[in-house]
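Structure data follow from final_25.txt (compact mmCIF, C-alpha atoms and all ligand atoms):
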# COMPACT_ATOMS: atom_id res chain seq x y z
CA MET C 276 -111.85 -5.02 -11.62
CA ALA C 277 -113.83 -8.02 -12.75
CA VAL C 278 -115.61 -5.87 -15.29
CA PHE C 279 -112.30 -4.52 -16.51
CA SER C 280 -110.71 -7.92 -16.97
CA ARG C 281 -113.82 -9.21 -18.71
CA THR C 282 -113.69 -6.30 -21.13
CA ALA C 283 -109.98 -6.77 -21.66
CA SER C 284 -110.45 -10.48 -22.30
CA ALA C 285 -113.22 -9.84 -24.77
CA SER C 286 -111.12 -7.19 -26.50
CA LEU C 287 -108.16 -9.53 -26.65
CA LEU C 288 -110.25 -12.29 -28.11
CA PHE C 289 -111.76 -9.93 -30.66
CA LEU C 290 -108.38 -8.52 -31.71
CA PHE C 291 -106.84 -11.97 -31.81
CA LEU C 292 -109.60 -13.23 -34.08
CA LEU C 293 -109.35 -10.11 -36.21
CA PHE C 294 -105.57 -10.00 -36.65
CA GLY C 295 -104.08 -13.12 -35.14
CA PHE C 296 -105.06 -15.47 -37.91
CA SER C 297 -104.47 -13.09 -40.77
CA ALA C 298 -100.80 -12.39 -40.08
CA ALA C 299 -98.82 -13.39 -43.15
CA LYS C 300 -96.07 -15.92 -42.62
CA GLU C 301 -93.07 -17.15 -44.52
CA LEU C 302 -93.15 -20.90 -44.86
CA LEU C 303 -89.98 -22.69 -45.81
CA VAL C 304 -91.03 -25.45 -48.18
CA GLY C 305 -90.26 -28.82 -46.64
CA GLY C 306 -89.58 -27.17 -43.29
CA LYS C 307 -85.82 -26.97 -43.83
CA ILE C 308 -83.17 -25.63 -46.18
CA ASP C 309 -82.40 -27.96 -49.08
CA ALA C 310 -85.71 -29.79 -48.71
CA TRP C 311 -86.38 -29.09 -52.41
CA LYS C 312 -84.84 -32.33 -53.71
CA VAL C 313 -85.83 -35.83 -54.68
CA PRO C 314 -87.35 -37.29 -51.50
CA SER C 315 -85.48 -40.21 -50.00
CA SER C 316 -88.71 -41.97 -49.07
CA GLU C 317 -92.48 -41.66 -49.19
CA THR C 318 -92.65 -40.39 -45.61
CA ASP C 319 -90.03 -37.77 -46.39
CA SER C 320 -92.01 -36.40 -49.35
CA LEU C 321 -92.84 -32.75 -49.72
CA ASN C 322 -96.54 -33.50 -49.86
CA GLN C 323 -96.33 -35.16 -46.45
CA TRP C 324 -94.96 -31.86 -45.18
CA ALA C 325 -97.63 -29.89 -47.06
CA GLU C 326 -100.45 -31.95 -45.54
CA LYS C 327 -99.25 -31.05 -42.07
CA SER C 328 -98.94 -27.36 -42.87
CA ARG C 329 -101.64 -24.73 -43.26
CA PHE C 330 -101.42 -22.08 -45.93
CA LYS C 331 -103.29 -18.86 -46.18
CA VAL C 332 -103.61 -16.27 -48.90
CA ASP C 333 -100.68 -13.84 -48.54
CA ASP C 334 -98.41 -16.35 -46.84
CA HIS C 335 -95.10 -16.60 -48.62
CA LEU C 336 -93.79 -19.96 -49.70
CA VAL C 337 -90.01 -20.01 -49.70
CA TRP C 338 -87.79 -22.48 -51.51
CA LYS C 339 -84.08 -22.65 -50.82
CA TYR C 340 -81.96 -24.75 -53.17
CA ASP C 341 -78.97 -24.61 -55.48
CA GLY C 342 -80.19 -22.45 -58.37
CA GLY C 343 -77.50 -23.84 -60.67
CA LYS C 344 -78.86 -27.36 -60.40
CA ASP C 345 -82.56 -27.09 -59.77
CA SER C 346 -85.57 -24.85 -60.26
CA VAL C 347 -89.16 -24.44 -59.16
CA LEU C 348 -91.88 -24.60 -61.77
CA GLN C 349 -95.45 -23.64 -61.02
CA VAL C 350 -97.60 -25.70 -63.35
CA ASN C 351 -101.24 -26.62 -63.88
CA LYS C 352 -102.81 -29.76 -62.47
CA GLU C 353 -102.37 -31.81 -65.62
CA ASP C 354 -98.71 -30.90 -66.05
CA TYR C 355 -98.19 -31.67 -62.37
CA ALA C 356 -99.65 -35.13 -62.82
CA ASN C 357 -97.59 -35.80 -65.96
CA CYS C 358 -94.42 -34.06 -64.76
CA ASN C 359 -94.58 -31.95 -67.90
CA SER C 360 -92.17 -29.05 -67.56
CA SER C 361 -92.60 -27.67 -71.08
CA ASN C 362 -95.15 -24.95 -70.31
CA PRO C 363 -94.91 -23.76 -66.72
CA ILE C 364 -97.13 -20.94 -65.44
CA GLU C 365 -94.07 -19.50 -63.68
CA GLN C 366 -90.52 -20.68 -63.34
CA TYR C 367 -87.84 -19.73 -60.86
CA ASN C 368 -84.19 -20.71 -60.59
CA ASP C 369 -82.77 -18.07 -58.29
CA GLY C 370 -82.14 -20.51 -55.43
CA ASN C 371 -84.22 -18.42 -53.02
CA THR C 372 -87.68 -18.46 -54.50
CA LYS C 373 -90.61 -16.73 -52.85
CA VAL C 374 -94.14 -17.27 -54.06
CA LYS C 375 -97.17 -15.56 -52.63
CA PRO C 376 -100.35 -17.47 -53.42
CA ASP C 377 -102.91 -14.79 -54.22
CA ARG C 378 -106.08 -16.87 -54.10
CA PRO C 379 -107.43 -19.88 -52.22
CA GLY C 380 -107.18 -23.31 -53.80
CA PRO C 381 -104.50 -25.67 -55.03
CA PHE C 382 -101.10 -24.62 -56.39
CA TYR C 383 -98.91 -27.14 -58.16
CA PHE C 384 -95.12 -27.09 -58.21
CA ILE C 385 -92.62 -29.45 -59.80
CA SER C 386 -88.86 -29.50 -60.02
CA GLY C 387 -87.38 -28.30 -63.31
CA ALA C 388 -84.38 -30.61 -62.93
CA LYS C 389 -84.49 -33.47 -65.41
CA GLY C 390 -86.12 -36.57 -64.00
CA HIS C 391 -86.67 -35.15 -60.53
CA CYS C 392 -90.43 -34.67 -60.75
CA GLU C 393 -90.84 -38.29 -61.83
CA GLN C 394 -88.95 -39.29 -58.67
CA GLY C 395 -91.34 -37.36 -56.47
CA GLN C 396 -89.90 -33.85 -56.27
CA LYS C 397 -93.26 -32.18 -56.57
CA LEU C 398 -95.62 -30.33 -54.29
CA ILE C 399 -99.28 -29.42 -54.03
CA VAL C 400 -100.09 -26.51 -51.75
CA VAL C 401 -103.75 -25.98 -50.93
CA VAL C 402 -104.35 -22.42 -49.83
CA MET C 403 -107.25 -21.97 -47.46
CA SER C 404 -110.10 -19.66 -48.22
CA PRO C 405 -110.19 -16.71 -45.79
CA LYS C 406 -113.76 -17.67 -44.85
CA LYS C 407 -112.60 -21.11 -43.79
CA ARG C 408 -109.59 -19.91 -41.86
CA SER C 409 -111.00 -20.92 -38.49
CA ILE C 410 -111.06 -24.60 -39.44
CA GLY C 411 -109.22 -26.57 -36.80
CA VAL C 412 -109.49 -23.79 -34.23
CA SER C 413 -111.64 -24.69 -31.27
CA PRO C 414 -114.78 -22.62 -30.64
CA ALA C 415 -114.20 -19.30 -28.94
CA PRO C 416 -114.12 -19.77 -25.16
CA SER C 417 -116.65 -17.84 -23.10
CA PRO C 418 -115.40 -14.83 -21.13
CA ALA C 419 -115.70 -16.89 -17.91
CA GLU C 420 -113.29 -19.49 -19.30
CA LEU C 421 -110.94 -16.78 -20.41
CA GLU C 422 -110.68 -15.31 -16.92
CA GLU C 423 -109.35 -18.60 -15.66
CA GLY C 424 -106.49 -18.19 -18.10
CA PRO C 425 -106.64 -18.02 -21.85
CA ALA C 426 -105.67 -21.27 -23.50
CA VAL C 427 -104.85 -20.13 -26.98
CA ALA C 428 -103.01 -22.96 -28.63
CA PRO C 429 -100.29 -21.84 -31.00
CA THR C 430 -101.16 -23.16 -34.44
CA SER C 431 -98.33 -21.42 -36.21
CA SER C 432 -95.08 -22.96 -37.30
CA ALA C 433 -93.52 -19.72 -36.08
CA PRO C 434 -94.43 -19.82 -32.37
CA VAL C 435 -92.00 -17.07 -31.40
CA LEU C 436 -93.52 -14.69 -33.90
CA ARG C 437 -97.02 -15.70 -32.85
CA THR C 438 -96.23 -15.28 -29.16
CA GLY C 439 -94.86 -11.81 -29.85
CA LEU C 440 -97.97 -10.92 -31.76
CA VAL C 441 -100.22 -12.17 -28.97
CA THR C 442 -98.25 -10.13 -26.46
CA VAL C 443 -98.61 -6.98 -28.54
CA LEU C 444 -102.31 -7.63 -29.06
CA GLY C 445 -102.72 -8.34 -25.37
CA LEU C 446 -101.21 -4.97 -24.43
CA LEU C 447 -103.37 -3.30 -27.05
CA ALA C 448 -106.43 -5.09 -25.70
CA ILE C 449 -105.72 -3.91 -22.16
CA TYR C 450 -105.34 -0.37 -23.49
CA VAL C 451 -108.60 -0.63 -25.41
CA GLY C 452 -110.16 -2.13 -22.28
CA PHE C 453 -109.33 1.05 -20.39
CA LEU C 454 -111.00 3.16 -23.03
CA ILE C 455 -114.26 1.20 -23.11
C1 LIG S 1 -96.49 -31.25 -72.34
O1 LIG S 1 -97.33 -30.14 -72.57
C2 LIG S 1 -97.26 -29.64 -73.88
C3 LIG S 1 -98.08 -28.36 -73.94
O2 LIG S 1 -99.33 -28.51 -73.28
C4 LIG S 1 -97.73 -30.70 -74.86
O3 LIG S 1 -97.66 -30.21 -76.19
C5 LIG S 1 -96.86 -31.94 -74.72
O4 LIG S 1 -97.35 -32.97 -75.54
C6 LIG S 1 -96.84 -32.41 -73.26
N1 LIG S 1 -95.86 -33.48 -73.13
C7 LIG S 1 -96.15 -34.62 -72.52
C8 LIG S 1 -95.02 -35.60 -72.42
O5 LIG S 1 -97.25 -34.87 -72.05
For this file, write the structure as structure tokens.
Ligand SMILES: *[C@@H]1O[C@H](CO)[C@@H](O)[C@H](O)[C@H]1NC(C)=O
Amino acid sequence: MAVFSRTASASLLFLFLLFGFSAAKELLVGGKIDAWKVPSSETDSLNQWAEKSRFKVDDHLVWKYDGGKDSVLQVNKEDYANCNSSNPIEQYNDGNTKVKPDRPGPFYFISGAKGHCEQGQKLIVVVMSPKKRSIGVSPAPSPAELEEGPAVAPTSSAPVLRTGLVTVLGLLAIYVGFLI
């Protein structure tokens, strides 16, 4: 039995590392509906939210706002700094904007509503390189540690989804464990 649980633990760890961190997520910009607005204070700013969040290639960023009054412009770094909305890379005003960053690195967004960018309605999202995706994750525990109970800290902003995924992977790992 000990051999079995060791194998299962190792399989679980392997599968978790393989799939667990690469699951695409939808991230609501600002963490709540109607967060795409002029921030009321520095601590309420969108970039404060962005610094606390982790973004991966293939995650979807989602903006929810009143499309009649506001828009989302993806711009280059210079236009971000100057709040220049005259030549956006992309622009969206559908009120339910989804953007899928397709490469690692910084993405710059400003509001298209007049004067809003100047008042702080702007956002930098830094998408992590897939090779660096384990940053912030503690080193893999040894099989002995795992047998005492896996302590896999949820790092996702969608814990329910992540828990479900872990459960599925766990069952899969046990199944694979039987085969090995
Ligand atoms: C905004 O960008 C355009 C195109 O790059 C440029 O012609 C214009 O001068 C810029 N406006 C400001 C206010 O910087």
Shortest interatomic distance to Phe384 of chain C - which of C:Asn368, C:Glu326, C:Asn351, C:Ser320, counting only C-alpha atoms: C:Asn351
Exercise answer, 12 Å around ligand LIG 1 (chain S) with all atoms listed in the file, as an MDAnalysis selection string: chainID C and resid 350:364 393
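Atom CA of Ala299 of chain C lies 29.9 Å from atom CA of Ala388 of chain C.
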Neighbour list for Asn322 of chain C as a PyMOL selection string, cut-off 10 Å, only C-alpha atoms, skip fewer than 2 positions in-chain: chain C and resi 304-305+317-320+324-328+395-400
Near segment 306-315 of chain C, 7 Å: segment 332-420 of chain C residue rows, closest pairs, all atoms listed in the file, as a tab-separated table:
residue	atom	partner	partner_atom	distance
C:Trp338	CA	C:Trp311	CA	6.8
C:Lys339	CA	C:Ile308	CA	5.6
C:Tyr340	CA	C:Asp309	CA	5.2
C:His391	CA	C:Val313	CA	5.9
C:Gln394	CA	C:Val313	CA	6.1
C:Gly395	CA	C:Val313	CA	6.0
C:Gln396	CA	C:Val313	CA	4.8
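Here atom CA of Gln349 of chain C stands at a distance of 13.3 Å from atom CA of Val401 of chain C.
Taking atom CA of Lys331 of chain C as the reference point, atom CA of Asn371 of chain C is found at 20.3 Å.
The residue that comes closest to Gly342 of chain C, out of C:Phe382, C:Gln366, C:Gln323, C:Ser404 and on the basis of all atoms listed in the file, is C:Gln366.
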